[in-house]
Amino acid sequence: MKPDHRGLFLVVAVVGLSAALGGIYGPSVRATSSSMDDTQSSVRDFTRVLDVVQSNYAEKVDVDKLVYQGAIPGMLRVLDPHSNFFDARQWSLSMEERRGKYYGVGMTVIPRGDRTVVMSPYEGTPAYKAGIRPGDVIVKIDNKPAQGLTTTEVADLLRGNRGTEVKITVSREGYAEALVFTVTRDEIPHHSVELAYEIKPGIGYIRLSGFNETTDVELAGAMKQLHAASLDGLVLDMRGNPGGLLNEAIAVGDMLLDKNQLIVSHRGRASAERRYYAIRGNQGENMPLVILVNNNSASATEIVSGAVQDHDRGIVVGETTFGKGLVQTVQPLSENTGLALTIARYYTPSGRLIQRDYKSISLYSYHYERKVPEHPSEVRLTDSGRQVTGEGGIVPDITVREPDYTRFQKALFRADVLYPFENGVGGFTRHYLGARPPVTKNFEADDVVMVDFRKFLAKQNVRYIEPELAENLDWVKRKIKEEVFVSTFGLQEGFKVQLEADPQLIAGIEAVPQARALYENARKIMAERAGSTTYRP
């Protein structure tokens, strides 16, 4: 197919698929001759405009860009913020996310000016085994210089067929010469469960970062590893979890709730209501449950946390979630592209709509300002009679806000002395480790380390006063330890250090007795309503 006609073909395909979805999901939506005439007329008008632009615009026109980045996304944005078009690369990445795997070397990279820096290799991957470290600056990939390339371009060069080799040249603090690693590409899993361990005696912790095709298997494995049924409490951390597959959210809900409890329902203009229940239930793994969320927790995360909250199965701690309650069907199109189209809205067991308002605000406000109603119009009751609200995300039972960085902490980030956790390893850690032998897990940022830290601040011309450092001393020491652990032992160990002083996690652990009492009370109330005499706390 000629490039000049691909864009038009995609527009027609999207319009046609939208019409087909109306037929599939809504028998009451009929394709009358009038509506078909309107569609054909609209396509003809679009074609005329495209022809005029192509023939008369002041510069040569990239038709694919006009259509892929302009016409189709613009059409979908008029509908809602989550209906979306995927070009070939986005579609490929989307399918990788769904499957939970891709082929490459297994590391994340981030931009630093015109350079690309390794944030961290994933533990056990080819990059990790080869010895690539967080903070390494990628100089070349095979024989192609990396300076000036975008992180997307670098990532594309690092990916490839399983079993093929790629030569990665990096510069590293403390080494005069560049280091060259020959890495064999392999299958790289996108794990949903990033971390699972006993965070303190009797309290399990599981970090769940997404909902892909392997989420239920991974979570079941993590709970088995922790002997969940015998725990005094379980903290399920879904902060920053953007969601994913609906069926995986239902599977996770099934693991946590009692048998036959409603997990979620959805319905739309042209789709009949569908209700999903816990089929197997938690199989006796009824330990007290605490869920951690924040305003980047969305979609499938809100299904699970909303069901847990409505059934009083556990306590939700943290910040109000994103508020994404739209259900998309994902369909492949031609040219290796795809379409995610909203077909319904989902509701929690109590009947709450989680979706925030998006019709009366700008797209920017919706995604970045995250305003929720001060006086929610939708109020529902949980199983035990507690009030919960809808149309604005999941409001936690215990609100704990993530602390803001101080002026001094922000100054260290700006100067690249230290980095926020999600951005890898800062300049001081790269300098401190340098060509040193690897540290042990007994490492602490002691007085000797802090002397070196002060010298580094002076070398980087970072101005501060001693009382300012003293006020932030515990935070600085913990941040240095965190980065050293990320660089030496991997992301998981660094994250454990971060969790040691995490106020939301601390509040979650403290809420475990409250979660136990809430769940027992709800089960008692539901048993009494059913006239049952078999309830056992």
# chains A, B, ... in the order shown; residues from 1 in each chain; ligands from 1
>>> residues_around(residues="Pro189 (chain A)", least_positions_apart="4", cutoff="12 Å", atoms="only C-alpha atoms", output="ChimeraX atom specification")
/A:96-107,122-126,193-194,212-215,218
>>> atom_distance(atom1="CA of Lys477 (chain A)", atom2="CA of Ala435 (chain A)")
21.1 Å
>>> closest_residue(among="A:Leu231, A:Leu457, A:Ala146, A:Leu505", to="Arg207 (chain A)", atoms="only C-alpha atoms")
A:Leu505
>>> residues_around(residues="Asp114 (chain A)", least_positions_apart="2", cutoff="8 Å", atoms="only C-alpha atoms", output="list in words")
Pro111, Arg112, Thr116, Gln147, Gly148, Leu149 and Thr150 of chain A
>>> select_by_dssp(residues="region 153-208 of chain A", states="strand (DSSP E or B)", output="number ranges by chain")
A: 165-171, 179-184, 186-189, 193-200, 203-208
>>> write_last_selection(atoms="N, CA, C and O atoms", output="compact mmCIF listing (two decimals), in the first residue's frame")
# COMPACT_ATOMS: atom_id res chain seq x y z
N GLU A 165 23.44 -11.13 19.55
CA GLU A 165 24.35 -10.39 20.42
C GLU A 165 24.32 -8.90 20.10
O GLU A 165 24.08 -8.50 18.96
N VAL A 166 24.54 -8.10 21.13
CA VAL A 166 24.68 -6.66 20.96
C VAL A 166 25.85 -6.20 21.81
O VAL A 166 26.03 -6.65 22.95
N LYS A 167 26.68 -5.34 21.25
CA LYS A 167 27.86 -4.83 21.96
C LYS A 167 27.52 -3.46 22.53
O LYS A 167 27.15 -2.54 21.79
N ILE A 168 27.59 -3.33 23.85
CA ILE A 168 27.23 -2.09 24.53
C ILE A 168 28.48 -1.47 25.15
O ILE A 168 29.13 -2.09 26.01
N THR A 169 28.82 -0.26 24.70
CA THR A 169 29.97 0.46 25.25
C THR A 169 29.47 1.53 26.21
O THR A 169 28.60 2.32 25.85
N VAL A 170 30.04 1.55 27.43
CA VAL A 170 29.59 2.52 28.44
C VAL A 170 30.80 3.22 29.05
O VAL A 170 31.92 2.70 29.06
N SER A 171 30.55 4.42 29.56
CA SER A 171 31.54 5.09 30.41
C SER A 171 31.06 4.98 31.85
O SER A 171 29.86 5.05 32.12
N LEU A 179 34.07 0.92 28.96
CA LEU A 179 33.90 -0.51 29.17
C LEU A 179 33.00 -1.06 28.08
O LEU A 179 32.00 -0.44 27.70
N VAL A 180 33.34 -2.23 27.58
CA VAL A 180 32.57 -2.84 26.49
C VAL A 180 31.99 -4.17 26.97
O VAL A 180 32.72 -5.03 27.48
N PHE A 181 30.68 -4.32 26.82
CA PHE A 181 29.99 -5.54 27.21
C PHE A 181 29.32 -6.16 25.98
O PHE A 181 28.61 -5.47 25.25
N THR A 182 29.57 -7.44 25.77
CA THR A 182 28.87 -8.16 24.71
C THR A 182 27.75 -8.95 25.37
O THR A 182 27.99 -9.84 26.19
N VAL A 183 26.51 -8.59 25.04
CA VAL A 183 25.34 -9.13 25.73
C VAL A 183 24.48 -9.92 24.73
O VAL A 183 24.22 -9.45 23.62
N THR A 184 24.06 -11.11 25.15
CA THR A 184 23.18 -11.93 24.31
C THR A 184 21.73 -11.67 24.70
O THR A 184 21.34 -11.87 25.86
N ASP A 186 17.76 -11.96 25.28
CA ASP A 186 16.95 -13.09 25.74
C ASP A 186 15.54 -12.59 26.02
O ASP A 186 15.25 -11.38 25.91
N GLU A 187 14.67 -13.51 26.41
CA GLU A 187 13.31 -13.13 26.79
C GLU A 187 13.37 -12.39 28.13
O GLU A 187 13.95 -12.89 29.09
N ILE A 188 12.76 -11.21 28.18
CA ILE A 188 12.76 -10.39 29.39
C ILE A 188 11.33 -10.32 29.91
O ILE A 188 10.46 -9.75 29.25
N PRO A 189 11.05 -10.90 31.07
CA PRO A 189 9.69 -10.83 31.59
C PRO A 189 9.37 -9.47 32.18
O PRO A 189 10.23 -8.81 32.76
N VAL A 193 4.52 -8.82 39.89
CA VAL A 193 4.96 -8.83 41.29
C VAL A 193 6.44 -8.47 41.31
O VAL A 193 7.29 -9.28 40.92
N GLU A 194 6.75 -7.26 41.75
CA GLU A 194 8.13 -6.80 41.75
C GLU A 194 8.88 -7.18 43.02
O GLU A 194 10.10 -7.26 43.01
N LEU A 195 8.14 -7.40 44.09
CA LEU A 195 8.78 -7.66 45.37
C LEU A 195 7.80 -8.37 46.29
O LEU A 195 6.62 -8.00 46.34
N ALA A 196 8.26 -9.41 46.98
CA ALA A 196 7.42 -10.12 47.94
C ALA A 196 8.32 -10.64 49.05
O ALA A 196 9.22 -11.45 48.80
N TYR A 197 8.10 -10.17 50.27
CA TYR A 197 8.90 -10.63 51.40
C TYR A 197 8.18 -10.31 52.71
O TYR A 197 7.20 -9.55 52.72
N GLU A 198 8.68 -10.88 53.79
CA GLU A 198 8.12 -10.61 55.11
C GLU A 198 8.78 -9.35 55.63
O GLU A 198 9.94 -9.36 56.04
N ILE A 199 8.02 -8.26 55.63
CA ILE A 199 8.62 -6.97 55.92
C ILE A 199 8.91 -6.80 57.41
O ILE A 199 9.79 -6.04 57.80
N LYS A 200 8.16 -7.49 58.23
CA LYS A 200 8.44 -7.62 59.65
C LYS A 200 7.78 -8.92 60.10
O LYS A 200 6.93 -9.47 59.38
N ILE A 203 4.16 -10.10 59.06
CA ILE A 203 3.53 -9.16 58.12
C ILE A 203 4.17 -9.33 56.75
O ILE A 203 5.37 -9.09 56.57
N GLY A 204 3.37 -9.77 55.77
CA GLY A 204 3.86 -9.93 54.41
C GLY A 204 3.69 -8.66 53.61
O GLY A 204 2.79 -7.85 53.87
N TYR A 205 4.56 -8.48 52.64
CA TYR A 205 4.50 -7.30 51.76
C TYR A 205 4.64 -7.78 50.32
O TYR A 205 5.55 -8.55 49.99
N ILE A 206 3.72 -7.35 49.45
CA ILE A 206 3.79 -7.66 48.02
C ILE A 206 3.62 -6.37 47.23
O ILE A 206 2.67 -5.62 47.45
N ARG A 207 4.56 -6.12 46.33
CA ARG A 207 4.49 -4.96 45.45
C ARG A 207 3.94 -5.42 44.10
O ARG A 207 4.57 -6.23 43.41
N LEU A 208 2.75 -4.94 43.73
CA LEU A 208 2.09 -5.32 42.48
C LEU A 208 2.07 -4.11 41.56
O LEU A 208 1.40 -3.12 41.85
>>> closest_residue(among="A:Leu289, A:Val400, A:Ala470, A:Ile303", to="Glu520 (chain A)", atoms="only C-alpha atoms")
A:Leu289
>>> residues_around(residues="Ser230 (chain A)", least_positions_apart="3", cutoff="9 Å", atoms="only C-alpha atoms", output="ChimeraX atom specification")
/A:202,226-227,233,285,287
>>> select_by_dssp(residues="region 40-241 of chain A", states="helix (DSSP H, G or I)", output="PyMOL selection string")
chain A and resi 40-56+63-79+88-99+126-130+151-158+215-225+228-230
>>> closest_atom_pairs(of="region 348-431 of chain A", to="region 72-94 of chain A", cutoff="8 Å", atoms="only C-alpha atoms", output="JSON lines")
{"residue": "A:Tyr358", "atom": "CA", "partner": "A:Asp80", "partner_atom": "CA", "distance": 7.2}
{"residue": "A:Lys359", "atom": "CA", "partner": "A:Asp80", "partner_atom": "CA", "distance": 7.8}
{"residue": "A:Leu363", "atom": "CA", "partner": "A:Pro81", "partner_atom": "CA", "distance": 6.9}
>>> residues_around(residues="Asp310 (chain A)", least_positions_apart="2", cutoff="12 Å", atoms="only C-alpha atoms", output="PyMOL selection string")
chain A and resi 253+257+261-264+302-308+312-316+347-352+379-390+394-397+518-519+522
>>> write_last_selection(atoms="N, CA and C atoms", output="short mmCIF file (atom, residue, chain, number, x, y, z; two decimals), in the first residue's frame")
data_model
loop_
_atom_site.label_atom_id
_atom_site.label_comp_id
_atom_site.auth_asym_id
_atom_site.auth_seq_id
_atom_site.Cartn_x
_atom_site.Cartn_y
_atom_site.Cartn_z
N GLY A 253 -9.04 -10.12 42.41
CA GLY A 253 -10.15 -9.95 43.33
C GLY A 253 -10.66 -11.28 43.85
N LEU A 257 -11.21 -11.99 47.94
CA LEU A 257 -12.56 -11.90 48.49
C LEU A 257 -13.10 -13.28 48.87
N GLN A 261 -18.71 -13.39 46.27
CA GLN A 261 -18.82 -11.94 46.41
C GLN A 261 -18.62 -11.26 45.06
N LEU A 262 -19.39 -10.20 44.81
CA LEU A 262 -19.27 -9.44 43.57
C LEU A 262 -17.94 -8.69 43.56
N ILE A 263 -17.23 -8.76 42.44
CA ILE A 263 -15.95 -8.06 42.30
C ILE A 263 -16.15 -6.73 41.59
N VAL A 264 -16.83 -6.76 40.44
CA VAL A 264 -17.04 -5.54 39.65
C VAL A 264 -18.15 -5.82 38.64
N GLU A 302 -8.04 0.08 40.75
CA GLU A 302 -9.23 0.62 41.39
C GLU A 302 -10.35 -0.41 41.48
N ILE A 303 -10.38 -1.34 40.52
CA ILE A 303 -11.35 -2.44 40.62
C ILE A 303 -11.06 -3.26 41.87
N VAL A 304 -9.79 -3.64 42.06
CA VAL A 304 -9.42 -4.49 43.20
C VAL A 304 -9.59 -3.74 44.52
N SER A 305 -9.05 -2.53 44.61
CA SER A 305 -9.13 -1.79 45.88
C SER A 305 -10.58 -1.39 46.18
N GLY A 306 -11.37 -1.08 45.15
CA GLY A 306 -12.78 -0.75 45.37
C GLY A 306 -13.57 -1.95 45.88
N ALA A 307 -13.30 -3.14 45.34
CA ALA A 307 -13.99 -4.35 45.80
C ALA A 307 -13.61 -4.69 47.23
N VAL A 308 -12.32 -4.58 47.55
CA VAL A 308 -11.86 -4.84 48.92
C VAL A 308 -12.51 -3.87 49.90
N ASP A 312 -15.48 -4.58 52.83
CA ASP A 312 -14.80 -4.46 54.13
C ASP A 312 -13.78 -5.58 54.33
N ARG A 313 -13.20 -6.02 53.21
CA ARG A 313 -12.21 -7.09 53.28
C ARG A 313 -10.89 -6.60 53.85
N GLY A 314 -10.63 -5.31 53.74
CA GLY A 314 -9.38 -4.75 54.24
C GLY A 314 -9.45 -3.25 54.29
N ILE A 315 -8.33 -2.65 54.67
CA ILE A 315 -8.21 -1.20 54.81
C ILE A 315 -7.39 -0.66 53.64
N VAL A 316 -7.89 0.42 53.02
CA VAL A 316 -7.16 1.09 51.95
C VAL A 316 -6.44 2.30 52.54
N TYR A 347 -18.29 -0.42 37.66
CA TYR A 347 -18.86 -0.03 38.95
C TYR A 347 -18.39 -1.01 40.02
N THR A 348 -18.10 -0.49 41.20
CA THR A 348 -17.68 -1.34 42.31
C THR A 348 -18.89 -2.11 42.85
N PRO A 349 -18.68 -3.08 43.72
CA PRO A 349 -19.80 -3.88 44.23
C PRO A 349 -20.93 -3.07 44.85
N SER A 350 -20.61 -1.95 45.49
CA SER A 350 -21.68 -1.13 46.10
C SER A 350 -22.40 -0.29 45.07
N GLY A 351 -21.92 -0.29 43.82
CA GLY A 351 -22.56 0.48 42.76
C GLY A 351 -21.88 1.80 42.46
N ARG A 352 -20.69 2.01 43.01
CA ARG A 352 -19.98 3.27 42.77
C ARG A 352 -19.38 3.32 41.37
N VAL A 379 -22.95 8.60 47.01
CA VAL A 379 -22.56 8.00 48.29
C VAL A 379 -23.19 6.61 48.39
N ARG A 380 -22.37 5.63 48.69
CA ARG A 380 -22.83 4.25 48.81
C ARG A 380 -22.42 3.69 50.17
N LEU A 381 -22.86 2.45 50.45
CA LEU A 381 -22.54 1.80 51.72
C LEU A 381 -21.77 0.51 51.48
N THR A 382 -20.79 0.26 52.34
CA THR A 382 -20.06 -1.00 52.29
C THR A 382 -20.91 -2.09 52.96
N ASP A 383 -20.40 -3.33 52.96
CA ASP A 383 -21.15 -4.44 53.56
C ASP A 383 -21.51 -4.18 55.02
N SER A 384 -20.61 -3.50 55.75
CA SER A 384 -20.87 -3.26 57.17
C SER A 384 -21.57 -1.93 57.41
N GLY A 385 -21.89 -1.19 56.32
CA GLY A 385 -22.63 0.06 56.48
C GLY A 385 -21.79 1.31 56.48
N ARG A 386 -20.50 1.22 56.17
CA ARG A 386 -19.68 2.43 56.11
C ARG A 386 -19.97 3.19 54.82
N GLN A 387 -19.88 4.51 54.86
CA GLN A 387 -20.12 5.32 53.67
C GLN A 387 -18.86 5.40 52.80
N VAL A 388 -19.04 5.21 51.50
CA VAL A 388 -17.97 5.39 50.53
C VAL A 388 -18.53 6.22 49.37
N THR A 389 -17.66 6.93 48.67
CA THR A 389 -18.10 7.83 47.61
C THR A 389 -17.59 7.39 46.25
N GLY A 390 -18.29 7.83 45.21
CA GLY A 390 -17.91 7.51 43.85
C GLY A 390 -17.64 8.74 43.02
N ILE A 394 -10.93 6.02 44.17
CA ILE A 394 -11.11 5.36 45.46
C ILE A 394 -10.48 6.24 46.54
N VAL A 395 -11.30 6.72 47.44
CA VAL A 395 -10.80 7.53 48.56
C VAL A 395 -10.36 6.57 49.66
N PRO A 396 -9.12 6.65 50.12
CA PRO A 396 -8.64 5.68 51.10
C PRO A 396 -9.36 5.80 52.44
N ASP A 397 -9.37 4.69 53.19
CA ASP A 397 -9.93 4.71 54.54
C ASP A 397 -9.03 5.51 55.47
N LEU A 518 -12.29 -5.02 61.05
CA LEU A 518 -13.25 -4.64 60.03
C LEU A 518 -13.78 -5.87 59.29
N TYR A 519 -12.87 -6.74 58.88
CA TYR A 519 -13.24 -7.94 58.13
C TYR A 519 -14.11 -8.88 58.96
N ALA A 522 -17.59 -7.35 59.34
CA ALA A 522 -18.37 -7.43 58.10
C ALA A 522 -18.88 -8.85 57.88
#
>>> closest_residue(among="A:Asp156, A:Glu59, A:Glu528, A:Asp237", to="Ile509 (chain A)", atoms="only C-alpha atoms")
A:Asp237
>>> decode(residues="region 323-337 of chain A", atoms="N, CA and C atoms", output="PDB file, in the first residue's frame")
ATOM      1  N   GLY A 323      -8.952   7.595  39.342  1.00  0.00           N
ATOM      2  CA  GLY A 323     -10.344   7.765  38.941  1.00  0.00           C
ATOM      3  C   GLY A 323     -10.593   7.425  37.493  1.00  0.00           C
ATOM      4  N   LYS A 324     -10.111   6.243  37.063  1.00  0.00           N
ATOM      5  CA  LYS A 324     -10.327   5.781  35.687  1.00  0.00           C
ATOM      6  C   LYS A 324     -11.265   4.584  35.714  1.00  0.00           C
ATOM      7  N   GLY A 325     -12.513   4.811  35.333  1.00  0.00           N
ATOM      8  CA  GLY A 325     -13.516   3.758  35.380  1.00  0.00           C
ATOM      9  C   GLY A 325     -14.117   3.456  34.030  1.00  0.00           C
ATOM     10  N   LEU A 326     -13.336   3.648  32.968  1.00  0.00           N
ATOM     11  CA  LEU A 326     -13.812   3.359  31.618  1.00  0.00           C
ATOM     12  C   LEU A 326     -13.213   2.046  31.132  1.00  0.00           C
ATOM     13  N   VAL A 327     -14.037   1.233  30.499  1.00  0.00           N
ATOM     14  CA  VAL A 327     -13.604  -0.066  29.997  1.00  0.00           C
ATOM     15  C   VAL A 327     -13.339   0.042  28.503  1.00  0.00           C
ATOM     16  N   GLN A 328     -12.130  -0.333  28.074  1.00  0.00           N
ATOM     17  CA  GLN A 328     -11.798  -0.296  26.650  1.00  0.00           C
ATOM     18  C   GLN A 328     -11.715  -1.715  26.070  1.00  0.00           C
ATOM     19  N   THR A 329     -12.198  -1.852  24.850  1.00  0.00           N
ATOM     20  CA  THR A 329     -11.917  -3.052  24.077  1.00  0.00           C
ATOM     21  C   THR A 329     -10.766  -2.711  23.146  1.00  0.00           C
ATOM     22  N   VAL A 330      -9.781  -3.582  23.091  1.00  0.00           N
ATOM     23  CA  VAL A 330      -8.573  -3.331  22.295  1.00  0.00           C
ATOM     24  C   VAL A 330      -8.632  -4.185  21.036  1.00  0.00           C
ATOM     25  N   GLN A 331      -8.585  -3.529  19.863  1.00  0.00           N
ATOM     26  CA  GLN A 331      -8.743  -4.217  18.594  1.00  0.00           C
ATOM     27  C   GLN A 331      -7.566  -3.928  17.678  1.00  0.00           C
ATOM     28  N   PRO A 332      -7.012  -4.962  17.019  1.00  0.00           N
ATOM     29  CA  PRO A 332      -5.968  -4.712  16.018  1.00  0.00           C
ATOM     30  C   PRO A 332      -6.567  -4.121  14.750  1.00  0.00           C
ATOM     31  N   LEU A 333      -5.817  -3.219  14.116  1.00  0.00           N
ATOM     32  CA  LEU A 333      -6.207  -2.670  12.824  1.00  0.00           C
ATOM     33  C   LEU A 333      -5.167  -3.101  11.788  1.00  0.00           C
ATOM     34  N   SER A 334      -5.230  -2.527  10.599  1.00  0.00           N
ATOM     35  CA  SER A 334      -4.239  -2.851   9.580  1.00  0.00           C
ATOM     36  C   SER A 334      -2.927  -2.136   9.874  1.00  0.00           C
ATOM     37  N   GLU A 335      -1.894  -2.469   9.098  1.00  0.00           N
ATOM     38  CA  GLU A 335      -0.591  -1.815   9.213  1.00  0.00           C
ATOM     39  C   GLU A 335       0.011  -1.976  10.603  1.00  0.00           C
ATOM     40  N   ASN A 336      -0.319  -3.075  11.300  1.00  0.00           N
ATOM     41  CA  ASN A 336       0.216  -3.342  12.642  1.00  0.00           C
ATOM     42  C   ASN A 336      -0.115  -2.230  13.629  1.00  0.00           C
ATOM     43  N   THR A 337      -1.295  -1.660  13.502  1.00  0.00           N
ATOM     44  CA  THR A 337      -1.750  -0.631  14.425  1.00  0.00           C
ATOM     45  C   THR A 337      -2.940  -1.179  15.212  1.00  0.00           C
TER      46      THR A 337
END
